[in-house]
file model.pdb (PDB, C-alpha atoms, pLDDT in the B column)
ATOM      1  CA  MET R   2    -190.011  21.606 -27.640  1.00 85.00           C
ATOM      2  CA  SER R   3    -190.683  23.092 -31.085  1.00 91.00           C
ATOM      3  CA  ASP R   4    -192.653  21.302 -33.799  1.00 92.00           C
ATOM      4  CA  ILE R   5    -189.417  20.684 -35.702  1.00 93.00           C
ATOM      5  CA  GLN R   6    -187.727  19.190 -32.642  1.00 93.00           C
ATOM      6  CA  GLN R   7    -190.750  16.931 -32.071  1.00 95.00           C
ATOM      7  CA  ALA R   8    -190.687  15.800 -35.705  1.00 93.00           C
ATOM      8  CA  VAL R   9    -186.949  15.050 -35.504  1.00 93.00           C
ATOM      9  CA  ALA R  10    -187.477  13.078 -32.273  1.00 95.00           C
ATOM     10  CA  GLU R  11    -190.097  10.945 -34.062  1.00 95.00           C
ATOM     11  CA  ILE R  12    -187.763  10.433 -37.030  1.00 95.00           C
ATOM     12  CA  LYS R  13    -184.986   9.298 -34.688  1.00 95.00           C
ATOM     13  CA  LYS R  14    -187.363   6.692 -33.199  1.00 95.00           C
ATOM     14  CA  GLU R  15    -188.039   5.275 -36.665  1.00 96.00           C
ATOM     15  CA  TYR R  16    -184.517   5.511 -38.154  1.00 96.00           C
ATOM     16  CA  ASP R  17    -181.000   4.841 -36.915  1.00 96.00           C
ATOM     17  CA  VAL R  18    -179.516   8.342 -36.983  1.00 95.00           C
ATOM     18  CA  GLY R  19    -175.827   8.859 -36.204  1.00 95.00           C
ATOM     19  CA  ASP R  20    -174.410  11.585 -33.980  1.00 93.00           C
ATOM     20  CA  ASP R  21    -173.626  13.490 -37.183  1.00 93.00           C
ATOM     21  CA  GLY R  22    -177.345  13.609 -38.091  1.00 92.00           C
ATOM     22  CA  ILE R  23    -176.958  11.165 -40.990  1.00 95.00           C
ATOM     23  CA  ILE R  24    -179.411   8.291 -41.386  1.00 96.00           C
ATOM     24  CA  ASN R  25    -177.736   4.874 -41.122  1.00 96.00           C
ATOM     25  CA  SER R  26    -180.873   2.766 -41.650  1.00 95.00           C
ATOM     26  CA  PRO R  27    -180.994   0.983 -45.014  1.00 94.00           C
ATOM     27  CA  GLY R  28    -183.517   2.270 -47.496  1.00 92.00           C
ATOM     28  CA  LYS R  29    -184.366   5.350 -49.486  1.00 92.00           C
ATOM     29  CA  PHE R  30    -182.874   7.762 -46.904  1.00 94.00           C
ATOM     30  CA  GLU R  31    -179.670   5.881 -46.098  1.00 94.00           C
ATOM     31  CA  GLY R  32    -176.703   8.256 -46.017  1.00 95.00           C
ATOM     32  CA  GLU R  33    -178.892  11.374 -46.064  1.00 96.00           C
ATOM     33  CA  PRO R  34    -179.324  13.976 -43.286  1.00 96.00           C
ATOM     34  CA  VAL R  35    -182.233  13.657 -40.861  1.00 96.00           C
ATOM     35  CA  TRP R  36    -183.851  16.704 -42.431  1.00 95.00           C
ATOM     36  CA  ALA R  37    -184.428  14.628 -45.594  1.00 95.00           C
ATOM     37  CA  VAL R  38    -187.173  12.705 -43.799  1.00 94.00           C
ATOM     38  CA  TYR R  39    -188.529  15.885 -42.191  1.00 95.00           C
ATOM     39  CA  PHE R  40    -189.042  17.547 -45.579  1.00 93.00           C
ATOM     40  CA  TYR R  41    -190.112  14.298 -47.263  1.00 91.00           C
ATOM     41  CA  ASP R  42    -192.911  14.044 -44.689  1.00 89.00           C
ATOM     42  CA  LEU R  43    -194.076  17.455 -45.918  1.00 86.00           C
ATOM     43  CA  ALA R  44    -194.522  15.863 -49.375  1.00 72.00           C
ATOM     44  CA  GLY R  45    -196.661  17.866 -51.708  1.00 66.00           C
ATOM     45  CA  SER R  46    -196.059  21.074 -49.784  1.00 63.00           C
ATOM     46  CA  GLY R  47    -192.787  21.837 -51.555  1.00 57.00           C
ATOM     47  CA  GLU R  48    -192.516  25.284 -53.085  1.00 67.00           C
ATOM     48  CA  GLU R  49    -191.743  23.886 -56.506  1.00 72.00           C
ATOM     49  CA  LEU R  50    -191.416  20.576 -58.338  1.00 76.00           C
ATOM     50  CA  LEU R  51    -189.066  20.178 -61.292  1.00 77.00           C
ATOM     51  CA  THR R  52    -188.753  17.045 -63.442  1.00 75.00           C
ATOM     52  CA  ASN R  53    -185.927  16.326 -65.853  1.00 70.00           C
ATOM     53  CA  GLN R  54    -185.964  14.175 -68.981  1.00 63.00           C
ATOM     54  CA  GLU R  55    -184.471  11.181 -67.117  1.00 69.00           C
ATOM     55  CA  GLY R  56    -187.564  10.988 -64.905  1.00 71.00           C
ATOM     56  CA  ASN R  57    -185.943  12.394 -61.752  1.00 76.00           C
ATOM     57  CA  SER R  58    -187.946  14.981 -59.858  1.00 84.00           C
ATOM     58  CA  TYR R  59    -186.645  17.699 -57.588  1.00 86.00           C
ATOM     59  CA  GLU R  60    -188.910  18.935 -54.799  1.00 89.00           C
ATOM     60  CA  ILE R  61    -187.793  22.326 -53.512  1.00 89.00           C
ATOM     61  CA  PHE R  62    -188.552  23.556 -50.000  1.00 92.00           C
ATOM     62  CA  GLU R  63    -187.616  27.089 -48.975  1.00 92.00           C
ATOM     63  CA  VAL R  64    -186.173  27.056 -45.463  1.00 94.00           C
ATOM     64  CA  ASP R  65    -186.804  29.567 -42.722  1.00 94.00           C
ATOM     65  CA  ASP R  66    -184.525  30.722 -39.918  1.00 95.00           C
ATOM     66  CA  GLU R  67    -185.907  28.161 -37.458  1.00 95.00           C
ATOM     67  CA  GLU R  68    -185.226  25.277 -39.874  1.00 95.00           C
ATOM     68  CA  ARG R  69    -181.724  26.602 -40.613  1.00 95.00           C
ATOM     69  CA  LYS R  70    -181.008  26.698 -36.881  1.00 94.00           C
ATOM     70  CA  GLU R  71    -182.533  23.306 -36.023  1.00 93.00           C
ATOM     71  CA  PHE R  72    -180.777  21.489 -38.874  1.00 94.00           C
ATOM     72  CA  GLY R  73    -177.476  23.374 -38.646  1.00 94.00           C
ATOM     73  CA  LEU R  74    -177.774  24.861 -42.132  1.00 95.00           C
ATOM     74  CA  ALA R  75    -175.632  27.850 -43.067  1.00 96.00           C
ATOM     75  CA  ASP R  76    -177.222  31.308 -43.111  1.00 95.00           C
ATOM     76  CA  ASP R  77    -176.914  31.562 -46.913  1.00 95.00           C
ATOM     77  CA  ILE R  78    -178.957  28.401 -47.526  1.00 95.00           C
ATOM     78  CA  LYS R  79    -182.228  29.387 -49.197  1.00 94.00           C
ATOM     79  CA  ALA R  80    -183.767  25.965 -49.846  1.00 93.00           C
ATOM     80  CA  VAL R  81    -183.357  22.251 -49.495  1.00 95.00           C
ATOM     81  CA  VAL R  82    -183.963  19.998 -52.461  1.00 92.00           C
ATOM     82  CA  LEU R  83    -185.109  16.406 -52.416  1.00 92.00           C
ATOM     83  CA  LYS R  84    -184.194  14.573 -55.597  1.00 89.00           C
ATOM     84  CA  HIS R  85    -186.560  11.657 -56.174  1.00 86.00           C
ATOM     85  CA  THR R  86    -185.015   9.086 -58.517  1.00 84.00           C
ATOM     86  CA  ASP R  87    -187.045   6.736 -60.662  1.00 80.00           C
ATOM     87  CA  GLN R  88    -185.567   3.888 -58.538  1.00 84.00           C
ATOM     88  CA  GLY R  89    -187.254   5.318 -55.430  1.00 85.00           C
ATOM     89  CA  PHE R  90    -184.210   6.772 -53.681  1.00 88.00           C
ATOM     90  CA  ILE R  91    -184.041  10.244 -52.186  1.00 91.00           C
ATOM     91  CA  TYR R  92    -180.938  12.420 -52.447  1.00 93.00           C
ATOM     92  CA  THR R  93    -180.673  15.810 -50.806  1.00 93.00           C
ATOM     93  CA  ALA R  94    -178.941  19.128 -51.204  1.00 94.00           C
ATOM     94  CA  ALA R  95    -179.010  22.356 -49.227  1.00 95.00           C
ATOM     95  CA  MET R  96    -178.720  25.201 -51.732  1.00 95.00           C
ATOM     96  CA  THR R  97    -177.938  28.890 -51.867  1.00 93.00           C
ATOM     97  CA  SER R  98    -179.945  31.128 -54.212  1.00 91.00           C
ATOM     98  CA  ARG R  99    -177.294  30.778 -56.905  1.00 90.00           C
ATOM     99  CA  GLU R 100    -177.176  26.987 -56.644  1.00 91.00           C
ATOM    100  CA  LEU R 101    -180.962  26.863 -56.789  1.00 90.00           C
ATOM    101  CA  ASN R 102    -180.999  29.013 -59.929  1.00 87.00           C
ATOM    102  CA  ASP R 103    -178.351  26.750 -61.447  1.00 86.00           C
ATOM    103  CA  LEU R 104    -180.493  23.682 -60.692  1.00 86.00           C
ATOM    104  CA  ARG R 105    -183.587  25.285 -62.201  1.00 83.00           C
ATOM    105  CA  ASN R 106    -181.654  26.230 -65.301  1.00 79.00           C
ATOM    106  CA  GLU R 107    -180.004  22.803 -65.570  1.00 79.00           C
ATOM    107  CA  VAL R 108    -183.318  20.944 -65.341  1.00 77.00           C
ATOM    108  CA  GLN R 109    -185.099  23.303 -67.720  1.00 69.00           C
ATOM    109  CA  ASN R 110    -182.129  23.966 -70.004  1.00 60.00           C
ATOM    110  CA  ASP R 111    -183.110  21.356 -72.586  1.00 48.00           C
ATOM    111  CA  ILE R 112    -186.565  22.854 -72.845  1.00 49.00           C
ATOM    112  CA  THR R 113    -186.032  26.583 -72.610  1.00 55.00           C
ATOM    113  CA  HIS R 114    -183.909  29.364 -71.164  1.00 60.00           C
ATOM    114  CA  ILE R 115    -185.440  31.435 -68.368  1.00 65.00           C
ATOM    115  CA  CYS R 116    -184.399  35.005 -67.593  1.00 71.00           C
ATOM    116  CA  ASN R 117    -183.757  35.628 -63.878  1.00 69.00           C
ATOM    117  CA  TYR R 118    -184.945  39.237 -64.258  1.00 69.00           C
ATOM    118  CA  CYS R 119    -188.222  39.106 -66.179  1.00 73.00           C
ATOM    119  CA  GLY R 120    -188.954  35.370 -65.994  1.00 70.00           C
ATOM    120  CA  SER R 121    -189.476  35.125 -69.733  1.00 69.00           C
ATOM    121  CA  GLU R 122    -188.820  31.841 -71.482  1.00 68.00           C
ATOM    122  CA  SER R 123    -187.012  31.677 -74.779  1.00 64.00           C
ATOM    123  CA  ASP R 124    -185.474  29.131 -77.082  1.00 57.00           C
ATOM    124  CA  GLU R 125    -182.596  31.586 -77.555  1.00 58.00           C
ATOM    125  CA  GLU R 126    -179.466  31.441 -75.410  1.00 58.00           C
ATOM    126  CA  CYS R 127    -179.390  33.736 -72.382  1.00 62.00           C
ATOM    127  CA  LEU R 128    -176.359  35.613 -71.098  1.00 67.00           C
ATOM    128  CA  GLU R 129    -174.927  34.242 -67.894  1.00 66.00           C
ATOM    129  CA  THR R 130    -172.977  36.336 -65.433  1.00 62.00           C
ATOM    130  CA  ASP R 131    -170.281  34.944 -63.191  1.00 58.00           C
ATOM    131  CA  ARG R 132    -172.795  35.394 -60.347  1.00 59.00           C
ATOM    132  CA  GLY R 133    -175.002  32.771 -62.009  1.00 60.00           C
ATOM    133  CA  ASP R 134    -177.712  35.151 -63.214  1.00 65.00           C
ATOM    134  CA  ARG R 135    -179.264  34.365 -66.590  1.00 66.00           C
ATOM    135  CA  ILE R 136    -180.393  37.395 -68.567  1.00 70.00           C
ATOM    136  CA  CYS R 137    -182.363  37.443 -71.811  1.00 71.00           C
ATOM    137  CA  LEU R 138    -181.199  39.791 -74.520  1.00 69.00           C
ATOM    138  CA  ASP R 139    -184.318  41.943 -74.042  1.00 72.00           C
ATOM    139  CA  CYS R 140    -183.448  42.603 -70.388  1.00 71.00           C
ATOM    140  CA  ALA R 141    -179.677  42.829 -70.711  1.00 68.00           C
ATOM    141  CA  PRO R 142    -179.492  46.480 -71.844  1.00 63.00           C
ATOM    142  CA  ASP R 143    -181.679  47.512 -68.886  1.00 55.00           C
ATOM    143  CA  HIS R 144    -179.367  45.730 -66.481  1.00 52.00           C
ATOM    144  CA  LEU R 145    -176.003  46.952 -67.733  1.00 53.00           C
ATOM    145  CA  LYS R 146    -175.584  49.022 -64.608  1.00 43.00           C
ATOM    146  CA  ASP R 147    -176.232  45.963 -62.398  1.00 54.00           C
ATOM    147  CA  LEU R 148    -173.693  43.943 -64.329  1.00 49.00           C
ATOM    148  CA  SER R 149    -171.016  46.617 -64.392  1.00 45.00           C
ATOM    149  CA  ASN R 150    -169.594  45.375 -61.107  1.00 44.00           C
ATOM    150  CA  THR R 151    -169.170  41.914 -62.614  1.00 52.00           C
ATOM    151  CA  TYR R 152    -167.816  42.615 -66.095  1.00 51.00           C
ATOM    152  CA  ASN R 153    -165.726  45.446 -67.412  1.00 50.00           C
ATOM    153  CA  ASP R 154    -167.213  47.650 -70.146  1.00 49.00           C
ATOM    154  CA  ILE R 155    -165.391  45.920 -73.003  1.00 56.00           C
ATOM    155  CA  GLU R 156    -166.580  42.491 -71.858  1.00 59.00           C
ATOM    156  CA  LEU R 157    -170.151  43.782 -71.524  1.00 53.00           C
ATOM    157  CA  LYS R 158    -170.156  45.240 -74.998  1.00 55.00           C
ATOM    158  CA  GLU R 159    -168.789  42.010 -76.438  1.00 63.00           C
ATOM    159  CA  LEU R 160    -171.303  39.896 -74.505  1.00 59.00           C
ATOM    160  CA  LEU R 161    -174.203  42.024 -75.628  1.00 59.00           C
ATOM    161  CA  ASN R 162    -172.886  42.389 -79.176  1.00 57.00           C
ATOM    162  CA  LEU R 163    -173.161  46.146 -78.857  1.00 51.00           C
ATOM    163  CA  ASP R 164    -169.887  46.746 -80.666  1.00 47.00           C
ATOM    164  CA  PRO R 165    -168.576  44.708 -83.549  1.00 47.00           C
ATOM    165  CA  ALA R 166    -165.519  42.643 -82.733  1.00 48.00           C
ATOM    166  CA  PRO R 167    -162.297  44.538 -83.491  1.00 53.00           C
ATOM    167  CA  ASP R 168    -160.916  43.874 -86.958  1.00 53.00           C
ATOM    168  CA  GLU R 169    -157.881  41.646 -86.919  1.00 49.00           C
ATOM    169  CA  GLU R 170    -154.728  42.985 -88.460  1.00 51.00           C
ATOM    170  CA  ASP R 171    -153.689  41.145 -91.648  1.00 47.00           C
TER     171      ASP R 171
END
call {"tool": "encode", "arguments": {"input": "model.pdb", "output": "structure tokens"}}
result
Amino acid sequence: MSDIQQAVAEIKKEYDVGDDGIINSPGKFEGEPVWAVYFYDLAGSGEELLTNQEGNSYEIFEVDDEERKEFGLADDIKAVVLKHTDQGFIYTAAMTSRELNDLRNEVQNDITHICNYCGSESDEECLETDRGDRICLDCAPDHLKDLSNTYNDIELKELLNLDPAPDEED
């Protein structure tokens, strides 16, 4: 039995867990998957902790292949997030890289914009691709080639303000 399986067995002794892996016991984990308790028990060892202005914190745990397998998470899941509310409840989400970037940007959006390429922070608006990447204006020209499969050339030039907008006919 793996360490994860042992931990889950202990969790199932403490909580009423349904056949679907959802905790039925009342309390902070009610309605959440069994892996919520597993990661919560690793408290403080999360990869990252984000806090928004409402006082909610998001503890991010990168998942490995063994955890994906044991908890039935899809192959594209990069991390699980435990949202700690100021009322003491825990809410969970399993996130892909894009969803994780969106969460980081959402939580930090009021404070600053962070470029996914260079990591720089700026008070200025970043470009956002339909893949969810945020790109500062300093990096954008260097990454035109990377973006060319997302936007056509005219859209890129307009987004980057490389060409003035066409004059409207009177």
call {"tool": "resolve_selection", "arguments": {"input": "model.pdb", "expression": "the PyMOL selection byres ((chain R and resi 51) around 8)", "output": "mmCIF file with C-alpha atoms, in the coordinates of the input"}}
result
data_model
loop_
_atom_site.group_PDB
_atom_site.id
_atom_site.type_symbol
_atom_site.label_atom_id
_atom_site.label_comp_id
_atom_site.auth_asym_id
_atom_site.auth_seq_id
_atom_site.Cartn_x
_atom_site.Cartn_y
_atom_site.Cartn_z
ATOM 1 C CA GLU R 49 -191.743 23.886 -56.506
ATOM 2 C CA LEU R 50 -191.416 20.576 -58.338
ATOM 3 C CA THR R 52 -188.753 17.045 -63.442
ATOM 4 C CA ASN R 53 -185.927 16.326 -65.853
ATOM 5 C CA SER R 58 -187.946 14.981 -59.858
ATOM 6 C CA TYR R 59 -186.645 17.699 -57.588
ATOM 7 C CA GLU R 60 -188.910 18.935 -54.799
ATOM 8 C CA ARG R 105 -183.587 25.285 -62.201
ATOM 9 C CA VAL R 108 -183.318 20.944 -65.341
#
call {"tool": "atom_distance", "arguments": {"input": "model.pdb", "atom1": "atom CA of R:Asn57", "atom2": "atom CA of R:His85"}}
result
5.7 Å
call {"tool": "closest_residue", "arguments": {"input": "model.pdb", "among": "R:Ile136, R:Ala94, R:Val35, R:Val64", "to": "R:Asp17", "atoms": "all atoms listed in the file"}}
result
R:Val35
call {"tool": "closest_residue", "arguments": {"input": "model.pdb", "among": "R:Lys84, R:Lys70, R:Lys79, R:Arg99", "to": "R:Phe30", "atoms": "only C-alpha atoms"}}
result
R:Lys84
call {"tool": "closest_residue", "arguments": {"input": "model.pdb", "among": "R:Glu33, R:Asp103, R:Asp87, R:Glu68", "to": "R:Gly56", "atoms": "all atoms listed in the file"}}
result
R:Asp87
call {"tool": "axis_aligned_box", "arguments": {"input": "model.pdb", "around": "stretch 60-76 of chain R", "padding_each_side": "3 Å", "output": "AutoDock Vina command-line options"}}
result
--center_x -182.3 --center_y 25.1 --center_z -45.4 --size_x 19.3 --size_y 18.4 --size_z 24.8
call {"tool": "decode", "arguments": {"input": "model.pdb", "residues": "stretch 60-93 of chain R", "atoms": "N, CA and C atoms", "output": "compact mmCIF listing (two decimals), in the first residue's frame"}}
result
# COMPACT_ATOMS: atom_id res chain seq x y z
N GLU R 60 -4.17 27.89 -1.34
CA GLU R 60 -2.93 27.13 -1.21
C GLU R 60 -2.85 26.20 -2.42
N ILE R 61 -1.74 26.29 -3.13
CA ILE R 61 -1.56 25.56 -4.38
C ILE R 61 -0.57 24.42 -4.17
N PHE R 62 -0.98 23.22 -4.59
CA PHE R 62 -0.14 22.04 -4.50
C PHE R 62 0.01 21.46 -5.90
N GLU R 63 1.24 21.41 -6.41
CA GLU R 63 1.45 20.73 -7.69
C GLU R 63 1.28 19.24 -7.46
N VAL R 64 0.63 18.57 -8.41
CA VAL R 64 0.38 17.14 -8.27
C VAL R 64 1.32 16.35 -9.18
N ASP R 65 1.67 15.16 -8.70
CA ASP R 65 2.53 14.29 -9.51
C ASP R 65 1.68 13.17 -10.11
N ASP R 66 2.31 12.34 -10.90
CA ASP R 66 1.58 11.27 -11.59
C ASP R 66 0.92 10.30 -10.62
N GLU R 67 1.58 10.00 -9.52
CA GLU R 67 1.00 9.08 -8.53
C GLU R 67 -0.27 9.67 -7.92
N GLU R 68 -0.23 10.96 -7.58
CA GLU R 68 -1.42 11.62 -7.01
C GLU R 68 -2.54 11.69 -8.04
N ARG R 69 -2.20 12.00 -9.29
CA ARG R 69 -3.23 12.02 -10.34
C ARG R 69 -3.92 10.67 -10.42
N LYS R 70 -3.12 9.60 -10.41
CA LYS R 70 -3.66 8.25 -10.53
C LYS R 70 -4.52 7.89 -9.31
N GLU R 71 -4.00 8.10 -8.12
CA GLU R 71 -4.70 7.71 -6.90
C GLU R 71 -6.01 8.47 -6.71
N PHE R 72 -6.05 9.73 -7.12
CA PHE R 72 -7.25 10.54 -6.92
C PHE R 72 -8.11 10.66 -8.17
N GLY R 73 -7.74 9.96 -9.24
CA GLY R 73 -8.53 9.96 -10.46
C GLY R 73 -8.56 11.31 -11.16
N LEU R 74 -7.47 12.05 -11.07
CA LEU R 74 -7.39 13.36 -11.72
C LEU R 74 -6.93 13.19 -13.16
N ALA R 75 -7.44 14.01 -14.03
CA ALA R 75 -7.09 13.96 -15.45
C ALA R 75 -5.60 14.24 -15.65
N ASP R 76 -5.06 13.75 -16.75
CA ASP R 76 -3.63 13.90 -17.05
C ASP R 76 -3.20 15.36 -17.19
N ASP R 77 -4.14 16.24 -17.59
CA ASP R 77 -3.75 17.65 -17.79
C ASP R 77 -3.84 18.49 -16.52
N ILE R 78 -4.19 17.87 -15.40
CA ILE R 78 -4.26 18.60 -14.14
C ILE R 78 -2.85 18.82 -13.62
N LYS R 79 -2.50 20.07 -13.40
CA LYS R 79 -1.16 20.43 -12.93
C LYS R 79 -1.12 20.60 -11.41
N ALA R 80 -2.22 21.09 -10.83
CA ALA R 80 -2.22 21.40 -9.40
C ALA R 80 -3.62 21.29 -8.84
N VAL R 81 -3.67 21.12 -7.53
CA VAL R 81 -4.93 21.25 -6.82
C VAL R 81 -4.82 22.49 -5.94
N VAL R 82 -5.95 23.15 -5.76
CA VAL R 82 -5.98 24.39 -5.00
C VAL R 82 -6.98 24.23 -3.87
N LEU R 83 -6.54 24.59 -2.68
CA LEU R 83 -7.44 24.64 -1.53
C LEU R 83 -7.71 26.11 -1.25
N LYS R 84 -8.97 26.49 -1.34
CA LYS R 84 -9.36 27.86 -1.03
C LYS R 84 -9.82 27.87 0.43
N HIS R 85 -9.13 28.63 1.25
CA HIS R 85 -9.46 28.78 2.66
C HIS R 85 -10.27 30.07 2.80
N THR R 86 -11.53 29.96 3.22
CA THR R 86 -12.34 31.17 3.39
C THR R 86 -12.14 31.73 4.79
N ASP R 87 -12.50 32.99 4.96
CA ASP R 87 -12.35 33.59 6.28
C ASP R 87 -13.38 33.03 7.28
N GLN R 88 -14.35 32.24 6.80
CA GLN R 88 -15.30 31.55 7.69
C GLN R 88 -14.79 30.17 8.10
N GLY R 89 -13.64 29.76 7.59
CA GLY R 89 -13.04 28.48 7.98
C GLY R 89 -13.36 27.31 7.08
N PHE R 90 -14.07 27.54 5.99
CA PHE R 90 -14.39 26.44 5.08
C PHE R 90 -13.27 26.26 4.07
N ILE R 91 -13.22 25.06 3.51
CA ILE R 91 -12.25 24.72 2.48
C ILE R 91 -13.01 24.35 1.21
N TYR R 92 -12.65 24.98 0.11
CA TYR R 92 -13.20 24.63 -1.20
C TYR R 92 -12.02 24.21 -2.07
N THR R 93 -12.27 23.32 -3.00
CA THR R 93 -11.17 22.77 -3.79
C THR R 93 -11.39 22.93 -5.28
